[in-house]
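What follows is a single structure, written as structure tokens, with notes after it.
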Amino acid sequence: MNKQVVSIETVGEMAMDLKSGEYILQVQEDGVVEGAVTGREILKYLKSTKSNEDYENFLCTVVGTNEVRRLKELYKKEPRQGKLNGSRNKSSEGSKLTAVLYTRAEQKVLEYLQKNVKKTEYQAVLEGVKEQRRMKQLAALGDVLRKRSHLLLHLDLSRVSITRLEKGVFRNCAVLQSVVLPNNCWMVGSHCFAGCKNLAQVTLSQELISLGMFSFDACQKLEEIVFPKNLKVIGKYCFRDCTSLSAVELPPSVKVLHKHCFAFCTNLTHIHLPENLDFVAGTSFLGCTNLSFSVDKLNQSFSTDSSGKLLLSHDGKIIHAYPSATGHVKLPYGIQRIGCSLFRHCKHISAIELPEGLEVIDEFAFMDCRGIKSMQLPKSLQRLGWGVFIACTGLQELILPCNQEHLSLGHCEDEEVLDRILQYPSLKQSHGWNDVVGDGVNPKIRISAENITA
């Protein structure tokens with residue numbers, strides 16, 4: 001294996017010249033980040049760190065009150081765009097006034113910062129500009145690698161001083177086999193390594209706090225990931241479809257698992273939930289058909305059943321996850337609520353027995369369960385959430401208890417229950433019915449004959 005040590009300034013050009021084969025590419029700092037900083041670079045950096053309003057106010061401050069007043073008078077006949085001309089439209093893009101302000105500020109911003117901010121703040125701005133230069137070079141490297149198909153590359157960024165990797169920088173780089181992140185990187189942006197289908201090994205920074213959504217989506221050869229102890233955020237779809245991923249250990253600092261973060265990791269067999277984790281989205285482990293759970297004894301939010309297959313609330317009344325469900329499923333007595341999207345896309349379920357005592361079935365709970373032909377709802381049920389049976393194209397019969405006077409169907413996305421009380425004789429004609437079953441699902445409604453009194 002050929003090892004190449006290359007400066008960040010020339011890494012893109014270097015990658016273009018690599019011949020077929022397997023390489024270790026170690027990237028290091030160089031003079032590109034030490035050159036003179038321009039006013040344009042400073043303004044670009046500040047725009048990325050400030051709100052639009054704060055950025056425009058900063059431009060006005062740098063240019064000066066009198067000059068701004070003169071420019072406003074000069075351009076008062078221009079179409080009103082942006083905050084500076086009094087419009088409600090916050091975007092000033094395309095405004096001639098803002099363009100002129102930008103040009104004036106570009107000429108003065110270096111002098112302004114040197115005179116009006118603390119030395120530490122000024123140095124922080126300069127370092128931010130230099131980091132943007134580094135990220136620009138890495139983006140150029142990503143553009144080159146996406147076009148190469150004859151390489152196998154092990155990329156070492158540990159010597160590059162970057163605190164974050166930006167959105168999509170190495171997306172769909174099929175040549176990458178392993179990556180070592182920068183030592184001081186605290187954030188991996190969305191889609192950063194998404195679609196890197198040959199990426200098998202990743203070394204994360206010990207400073208890492210946040211993994212953005214889709215950051216390792218569809219990295220199908222990734223077998224293991226070791227999280228740093230201070231990681232707090234694992235974004236939506238972060239490791240979705242990482243079908244080779246078999247080992248995951250969540251650090252105690254993680255409190256939330258967002259939707260689809262480990263969805264369709266079919267080789268994942270066990271995951272231990274740490275003591276501080278207090279939220280797991282219903283689709284966090286969607287399609288993880290071999291998965292079992294264990295929960296830290298100090299965790300106050302979750303528990304499991306004796307098999308470890310069901311992830312329950314701490315009191316055992318709510319099911320949060322059951323990704324391994326297949327065939328004929330019988331839910332345990334004592335369950336009062338089925339969580340959002342719990343059985344979504346579980347196409348291998350043929351039947352589900354719902355226990356008496358169940359009160360709420362949340363939205364999308366059985367979405368796309370095409371193998372279910374009949375379902376009997378318990379008399380204790382009080383509410384069916386929005387979209388519960390959407391795409392259940394095999395559902396032919398829905399059996400309702402005879403002694404229940406009403407059932408609330410559907411609710412808003414903000415979790416507020418809609419006031420749709422439906423009488424059984426007119427259930428299909430009710431306004432909320434389509435919210436529950438969607439288009440193309442038309443089961444027969446049958447009233448159970450049980451418990452009818454003379």
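Residue numbering restarts at 1 in every chain; chains get A, B, ... in the order shown in the structure tokens, and ligands count up from 1 in that same order.
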
All residues 8 Å or closer to Ser374 of chain A, only C-alpha atoms, same chain fewer than 4 positions away omitted, as a ChimeraX atom specification: /A:351,395-399

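Near Arg370 of chain A, within 7 Å and counting only C-alpha atoms, sit Lys347, Asp368, Ile372, Cys392, Thr393 and Gly394 of chain A, not including residues fewer than 2 positions from it in the same chain.
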
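Among the candidates A:Ala391, A:Ile335, A:Val175, A:Leu250, the one nearest to Phe364 of chain A when counting only C-alpha atoms is A:Ala391.
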
Could you please determine the separation between atom CA of Lys297 of chain A and atom CA of His314 of chain A in Å, to one decimal place?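 Computed distance, atom CA of Lys297 of chain A to atom CA of His314 of chain A, equals 10.5 Å.
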
What are the closest atom pairs, with distances in Å to one decimal, for each residue of segment 89-168 of chain A lying within 12 Å of segment 55-65 of chain A, using only C-alpha atoms, rows by chain and rising residue number, as CSV?
residue,atom,partner,partner_atom,distance
A:Lys90,CA,A:Glu56,CA,9.9
A:Ser91,CA,A:Glu56,CA,9.8
A:Ser92,CA,A:Glu56,CA,8.5
A:Glu93,CA,A:Glu56,CA,10.9
A:Ser95,CA,A:Glu56,CA,11.9
A:Leu97,CA,A:Cys60,CA,10.9
A:Thr98,CA,A:Glu56,CA,7.9
A:Ala99,CA,A:Leu59,CA,10.4
A:Val100,CA,A:Val63,CA,10.0
A:Leu101,CA,A:Leu59,CA,6.4
A:Tyr102,CA,A:Leu59,CA,6.6
A:Thr103,CA,A:Val63,CA,9.4
A:Arg104,CA,A:Val63,CA,6.2
A:Ala105,CA,A:Val63,CA,5.5
A:Glu106,CA,A:Leu59,CA,9.0
A:Gln107,CA,A:Val63,CA,9.1
A:Lys108,CA,A:Val62,CA,6.7
A:Val109,CA,A:Val62,CA,6.2
A:Leu110,CA,A:Val62,CA,9.6
A:Glu111,CA,A:Val62,CA,9.3
A:Tyr112,CA,A:Val62,CA,6.4
A:Leu113,CA,A:Val62,CA,8.8
A:Gln114,CA,A:Val62,CA,11.7
A:Lys115,CA,A:Val62,CA,11.1
A:Asn116,CA,A:Val62,CA,9.9
A:Val117,CA,A:Val62,CA,12.0
